[in-house]
Amino acid sequence: MKLLRILALLVFLSFSKTAHGEDAELRIGVIASLTGFAAPYGKAVVEGAQVAVAKLAKSNVKVRLIIEDDRSETRGAATAYQKLKDIDKIQALIGGSWWVNGIVKTVERDPIPFISCETLYNKDFIKGKNYFSLAGDLRDWIKSLVPLIKEKQWNTIVMVRFVSGFADTLEAELRVAFAPPDRKFLAALEYSDIEMTGASTLAARTVALKPDVVFVDSQPQTFAIFVRELEKLKADNIVVLTHSVADDAAKQRLFDIGKYEGRLYFLRRSSYNSELLKDFQALSTVEPQLNADLGYYAVRLAVEAIKSGTDPVATLRAGLVVDGIQFSFDENNVSHTVVQEVYGVRDGQVIKVSK
């Protein structure tokens with residue numbers, strides 16, 4: 001095993017020096033969904049990565065991002081990686097796509113760090129020795145909500161979910177949260193159309209079950225559609241729980257979040273900190289949304305790993321500090337550094353409510 005690591009390091013160093021020169025710019029590939037239904041997520045990762053490159057340039061660290069569109073499909077990710085590897089000779093790879101899971105085992109054969117900004121540890125997760133997930137463990141999303149569920153004494157819940165392994169993991173953890181005798185998981189209402197064309201029916205079925213809360217797994221646009229359907233049914237007594245889609249839907253002005261005082265709670269990553277926001281304001285014309293924060297930190301981590309002068313994969317696995325944040329990875333190469341925090345609405349403003 002030690003010999004294999006040394007050989008991989010020699011291959012990497014030889015590749016890096018001969019292809020780029022000692023002082024050449026660092027070459028980082030990004031495979032992101034820039035077209036297709038997942039395009040907002042991929043574009044956000046790219047925006048975050050570009051802000052990181054601009055920040056590094058101020059310190060005379062030259063980074064070239066080579067961006068490829070997987071078109072929201074697995075085949076697109078495979079084609080993109082072949083080009084980045086054979087033609088562009090990248091030194092690190094960043095995944096801004098749900099479909100990079102399909103190339104984990106291919107990239108595992110190469111001595112470069114592969115950092116995902118999209119894939120959380122869940123039912124569909126594929127492990128790779130050089131594959132790192134910044135997004136964390138999907139089960140932690142629900143665990144972050146449990147203290148609030150206990151505090152508010154919500155006893156019954158309905159889940160509205162897309163048909164996917166991702167949602168399977170969320171549902172399983174919600175069932176655990178509502179397993180105690182005084183709580184009840186009433187139903188999981190599924191939809192298979194990513195546009196949620198049956199939102200009115202889903203809302204009506206939710207209201208008929210009379211839950212204390214409904215957890216909505218959706219995209220920002222469809223989240224806004226669903227809550228508007230609840231409004232039509234005057235379901236003011238049902239509290240809405242969700243992940244960061246509510247935050248993004250509000251930023252995109254798809255619904256009026258100010259109307260949901262005490263009736264909406266959602267998750268936001270702790271990585272949306274003052275340092276990140278300051279860099280975005282200074283170096284970009286866009287506001288960070290979706291997974292832009294992870295794209296930003298993925299570039300910063302990849303650069304630190306490459307510049308270490310040793311095995312970049314081992315360096316990343318050992319942990320690195322960026323902006324005073326210690327990024328570490330568990331036995332599955334999943335980072336738990338970026339935690340989920342719970343937000344709600346008070347006096348028309350979004351505030352953090354988690355302890």
# chains A, B, ... in the order shown; residues from 1 in each chain; ligands from 1

$ closest_atom_pairs --of "region 120-168 of chain A" --to "region 329-348 of chain A" --cutoff "10 Å" --atoms "only C-alpha atoms" --output "Markdown table"
| residue | atom | partner | partner_atom | distance |
| --- | --- | --- | --- | --- |
| A:Leu120 | CA | A:Val334 | CA | 7.9 |
| A:Tyr121 | CA | A:Val334 | CA | 6.9 |
| A:Phe125 | CA | A:Asn332 | CA | 9.8 |
| A:Ile126 | CA | A:Asn332 | CA | 9.4 |
| A:Lys127 | CA | A:Asn332 | CA | 6.6 |
| A:Gly128 | CA | A:Asn332 | CA | 8.1 |
| A:Lys129 | CA | A:Asn333 | CA | 7.7 |
| A:Asn130 | CA | A:Asn333 | CA | 8.0 |
| A:Tyr131 | CA | A:Asn333 | CA | 6.7 |
| A:Phe132 | CA | A:Asn333 | CA | 4.9 |
| A:Ser133 | CA | A:Val334 | CA | 4.8 |
| A:Leu134 | CA | A:Ser335 | CA | 5.3 |
| A:Ala135 | CA | A:Ser335 | CA | 7.0 |
| A:Gly136 | CA | A:Ser335 | CA | 5.2 |
| A:Asp137 | CA | A:Val334 | CA | 7.1 |
| A:Leu138 | CA | A:Gln340 | CA | 10.0 |
| A:Asp140 | CA | A:Gln340 | CA | 7.4 |
| A:Trp141 | CA | A:Gln340 | CA | 6.3 |
| A:Ile142 | CA | A:Gln340 | CA | 9.3 |
| A:Lys143 | CA | A:Gln340 | CA | 9.2 |
| A:Ser144 | CA | A:Gln340 | CA | 6.4 |
| A:Leu145 | CA | A:Val342 | CA | 6.9 |
| A:Pro147 | CA | A:Val342 | CA | 10.0 |
| A:Leu148 | CA | A:Val342 | CA | 8.5 |

$ write_last_selection --atoms "C-alpha atoms" --output "short mmCIF file (atom, residue, chain, number, x, y, z; two decimals), in the first residue's frame"
data_model
loop_
_atom_site.label_atom_id
_atom_site.label_comp_id
_atom_site.auth_asym_id
_atom_site.auth_seq_id
_atom_site.Cartn_x
_atom_site.Cartn_y
_atom_site.Cartn_z
CA LEU A 120 -24.17 14.12 0.18
CA TYR A 121 -23.58 10.85 1.98
CA PHE A 125 -23.38 7.55 -2.31
CA ILE A 126 -20.45 5.87 -4.09
CA LYS A 127 -17.16 5.73 -2.20
CA GLY A 128 -13.79 6.44 -3.79
CA LYS A 129 -10.33 6.75 -2.24
CA ASN A 130 -9.80 10.20 -3.80
CA TYR A 131 -13.48 11.28 -3.80
CA PHE A 132 -14.39 13.84 -1.13
CA SER A 133 -17.83 15.23 -0.29
CA LEU A 134 -18.02 18.76 1.09
CA ALA A 135 -21.80 18.63 1.31
CA GLY A 136 -21.76 16.26 4.31
CA ASP A 137 -24.16 13.57 5.49
CA LEU A 138 -27.76 13.95 4.34
CA ASP A 140 -27.66 15.43 9.47
CA TRP A 141 -30.28 17.63 7.82
CA ILE A 142 -33.06 15.96 9.77
CA LYS A 143 -30.99 15.60 12.93
CA SER A 144 -30.52 19.39 12.89
CA LEU A 145 -34.31 19.81 13.02
CA PRO A 147 -34.31 19.84 18.75
CA LEU A 148 -36.86 22.21 17.20
#

$ residues_around --residues "region 304-320 of chain A" --least-positions-apart "2" --cutoff "6 Å" --atoms "only C-alpha atoms" --output "PyMOL selection string"
chain A and resi 9+113+130+301-302+326-328

$ closest_residue --among "A:Ser116, A:Pro40, A:Val353, A:Ala77" --to "Gln252 (chain A)" --atoms "only C-alpha atoms"
A:Pro40

$ select_by_dssp --residues "region 111-351 of chain A" --states "strand (DSSP E)" --output "ChimeraX atom specification"
/A:114-116,131-133,156-162,184-191,213-216,239-242,264-269,320-322,325-327,340-346,349-351

$ write_last_selection --atoms "N, CA and C atoms" --output "short mmCIF file (atom, residue, chain, number, x, y, z; two decimals), in the first residue's frame"
data_model
loop_
_atom_site.label_atom_id
_atom_site.label_comp_id
_atom_site.auth_asym_id
_atom_site.auth_seq_id
_atom_site.Cartn_x
_atom_site.Cartn_y
_atom_site.Cartn_z
N PHE A 114 -10.64 14.66 -5.99
CA PHE A 114 -11.94 14.84 -6.63
C PHE A 114 -12.90 15.29 -5.54
N ILE A 115 -13.32 16.55 -5.59
CA ILE A 115 -14.13 17.15 -4.52
C ILE A 115 -15.53 17.43 -5.03
N SER A 116 -16.53 16.84 -4.40
CA SER A 116 -17.91 17.04 -4.81
C SER A 116 -18.58 18.14 -3.99
N TYR A 131 -12.21 10.56 -3.63
CA TYR A 131 -13.48 11.28 -3.80
C TYR A 131 -13.93 11.84 -2.45
N PHE A 132 -14.07 13.16 -2.38
CA PHE A 132 -14.39 13.84 -1.13
C PHE A 132 -15.70 14.62 -1.27
N SER A 133 -16.56 14.50 -0.28
CA SER A 133 -17.83 15.23 -0.29
C SER A 133 -17.79 16.37 0.72
N THR A 156 -47.09 15.18 14.68
CA THR A 156 -47.42 14.48 13.44
C THR A 156 -46.80 15.19 12.25
N ILE A 157 -46.40 14.40 11.26
CA ILE A 157 -45.73 14.98 10.09
C ILE A 157 -46.12 14.24 8.82
N VAL A 158 -46.17 14.99 7.75
CA VAL A 158 -46.33 14.46 6.39
C VAL A 158 -45.09 14.89 5.61
N MET A 159 -44.59 14.01 4.76
CA MET A 159 -43.47 14.37 3.90
C MET A 159 -43.94 14.43 2.46
N VAL A 160 -43.58 15.50 1.76
CA VAL A 160 -43.81 15.63 0.32
C VAL A 160 -42.45 15.49 -0.34
N ARG A 161 -42.28 14.48 -1.18
CA ARG A 161 -40.94 14.12 -1.63
C ARG A 161 -40.89 13.69 -3.09
N PHE A 162 -39.74 13.93 -3.68
CA PHE A 162 -39.46 13.46 -5.03
C PHE A 162 -39.08 11.98 -4.96
N LYS A 184 -45.95 10.72 15.30
CA LYS A 184 -46.38 9.81 14.24
C LYS A 184 -46.02 10.36 12.87
N PHE A 185 -45.40 9.52 12.07
CA PHE A 185 -45.13 9.84 10.67
C PHE A 185 -46.37 9.40 9.89
N LEU A 186 -47.13 10.37 9.40
CA LEU A 186 -48.44 10.07 8.81
C LEU A 186 -48.35 9.50 7.41
N ALA A 187 -47.51 10.10 6.56
CA ALA A 187 -47.45 9.64 5.16
C ALA A 187 -46.30 10.31 4.43
N ALA A 188 -45.83 9.63 3.38
CA ALA A 188 -44.89 10.22 2.43
C ALA A 188 -45.63 10.34 1.10
N LEU A 189 -45.85 11.56 0.66
CA LEU A 189 -46.57 11.80 -0.59
C LEU A 189 -45.54 12.06 -1.68
N GLU A 190 -45.49 11.17 -2.68
CA GLU A 190 -44.45 11.23 -3.69
C GLU A 190 -44.92 11.90 -4.97
N TYR A 191 -43.95 12.49 -5.66
CA TYR A 191 -44.18 13.00 -7.01
C TYR A 191 -42.97 12.62 -7.85
N VAL A 213 -46.86 19.37 11.04
CA VAL A 213 -45.84 19.91 10.13
C VAL A 213 -45.81 19.08 8.85
N VAL A 214 -45.32 19.73 7.77
CA VAL A 214 -45.05 19.04 6.52
C VAL A 214 -43.61 19.33 6.14
N PHE A 215 -42.86 18.28 5.80
CA PHE A 215 -41.49 18.46 5.32
C PHE A 215 -41.54 18.35 3.80
N VAL A 216 -41.01 19.38 3.14
CA VAL A 216 -41.08 19.45 1.68
C VAL A 216 -39.69 19.25 1.09
N VAL A 239 -47.23 23.88 9.85
CA VAL A 239 -45.87 24.43 9.77
C VAL A 239 -45.10 23.72 8.68
N VAL A 240 -44.33 24.48 7.91
CA VAL A 240 -43.55 23.93 6.80
C VAL A 240 -42.09 23.81 7.21
N LEU A 241 -41.52 22.62 7.04
CA LEU A 241 -40.09 22.38 7.24
C LEU A 241 -39.46 22.02 5.90
N THR A 242 -38.24 22.46 5.68
CA THR A 242 -37.55 22.10 4.45
C THR A 242 -36.06 22.35 4.61
N LEU A 264 -42.63 28.57 9.10
CA LEU A 264 -41.64 28.03 8.16
C LEU A 264 -40.27 27.98 8.82
N TYR A 265 -39.64 26.82 8.75
CA TYR A 265 -38.27 26.66 9.25
C TYR A 265 -37.48 25.90 8.20
N PHE A 266 -36.27 26.37 7.95
CA PHE A 266 -35.45 25.75 6.90
C PHE A 266 -33.99 25.73 7.32
N LEU A 267 -33.18 25.01 6.53
CA LEU A 267 -31.77 24.84 6.84
C LEU A 267 -30.90 25.73 5.97
N ARG A 268 -29.81 26.17 6.55
CA ARG A 268 -28.80 26.94 5.82
C ARG A 268 -27.44 26.50 6.33
N ARG A 269 -26.50 26.29 5.42
CA ARG A 269 -25.17 25.82 5.84
C ARG A 269 -24.40 26.92 6.57
N LEU A 320 -7.43 20.28 6.09
CA LEU A 320 -6.82 21.56 5.75
C LEU A 320 -7.63 22.69 6.37
N VAL A 321 -6.97 23.82 6.60
CA VAL A 321 -7.64 25.01 7.14
C VAL A 321 -7.79 26.04 6.04
N VAL A 322 -8.99 26.55 5.85
CA VAL A 322 -9.28 27.62 4.89
C VAL A 322 -10.12 28.68 5.59
N ILE A 325 -11.30 27.97 8.95
CA ILE A 325 -12.20 26.82 9.13
C ILE A 325 -11.40 25.54 8.91
N GLN A 326 -11.44 24.64 9.88
CA GLN A 326 -10.75 23.36 9.77
C GLN A 326 -11.64 22.37 9.04
N PHE A 327 -11.27 22.05 7.80
CA PHE A 327 -12.00 21.05 7.03
C PHE A 327 -11.38 19.68 7.28
N GLN A 340 -25.44 22.14 9.34
CA GLN A 340 -26.73 22.72 8.99
C GLN A 340 -27.29 23.48 10.19
N GLU A 341 -27.69 24.71 9.94
CA GLU A 341 -28.30 25.55 10.98
C GLU A 341 -29.75 25.83 10.61
N VAL A 342 -30.59 25.95 11.62
CA VAL A 342 -32.03 26.13 11.38
C VAL A 342 -32.39 27.62 11.44
N TYR A 343 -33.15 28.04 10.43
CA TYR A 343 -33.60 29.43 10.35
C TYR A 343 -35.12 29.49 10.29
N GLY A 344 -35.66 30.61 10.75
CA GLY A 344 -37.10 30.85 10.69
C GLY A 344 -37.35 32.31 10.43
N VAL A 345 -38.59 32.73 10.61
CA VAL A 345 -38.98 34.11 10.34
C VAL A 345 -39.50 34.76 11.61
N ARG A 346 -38.98 35.94 11.93
CA ARG A 346 -39.46 36.70 13.07
C ARG A 346 -39.51 38.18 12.68
N GLN A 349 -38.32 39.07 9.30
CA GLN A 349 -36.92 38.88 8.95
C GLN A 349 -36.51 37.43 9.18
N VAL A 350 -35.56 36.95 8.35
CA VAL A 350 -35.03 35.61 8.52
C VAL A 350 -33.98 35.62 9.62
N ILE A 351 -34.14 34.74 10.60
CA ILE A 351 -33.21 34.69 11.73
C ILE A 351 -32.81 33.25 12.02
#

$ atom_distance --atom1 "CA of Pro180 (chain A)" --atom2 "CA of Lys152 (chain A)"
15.0 Å

$ atom_distance --atom1 "CA of Val245 (chain A)" --atom2 "CA of Gln221 (chain A)"
8.4 Å

$ closest_residue --among "A:Gly258, A:Gly95, A:Gly102, A:Pro220" --to "Glu118 (chain A)" --atoms "only C-alpha atoms"
A:Gly95

$ select_by_dssp --residues "region 69-219 of chain A" --states "alpha helix (DSSP H)" --output "number ranges by chain"
A: 74-86, 104-107, 139-152, 165-177, 199-209

$ closest_residue --among "A:Asp70, A:Ala249, A:Ile90, A:Lys85" --to "Thr35 (chain A)" --atoms "only C-alpha atoms"
A:Asp70

$ atom_distance --atom1 "CA of Leu26 (chain A)" --atom2 "CA of Ala92 (chain A)"
8.9 Å

$ closest_residue --among "A:Asn101, A:Thr206, A:Thr222, A:Asn291" --to "Ser244 (chain A)" --atoms "only C-alpha atoms"
A:Asn291

$ residues_around --residues "Gly42 (chain A)" --least-positions-apart "4" --cutoff "6 Å" --atoms "only C-alpha atoms" --output "PyMOL selection string"
chain A and resi 32-34+96-97

$ closest_residue --among "A:Phe178, A:Tyr260, A:Trp99, A:Phe223" --to "Asp248 (chain A)" --atoms "only C-alpha atoms"
A:Phe223

$ closest_residue --among "A:Thr79, A:Gln153, A:Thr169, A:Ser218" --to "Ser192 (chain A)" --atoms "only C-alpha atoms"
A:Ser218

$ residues_around --residues "Glu275 (chain A)" --least-positions-apart "5" --cutoff "12 Å" --atoms "only C-alpha atoms" --output "VMD selection string"
chain A and resid 51 to 52 55 270 280 to 282 293 296 to 297 322 to 325
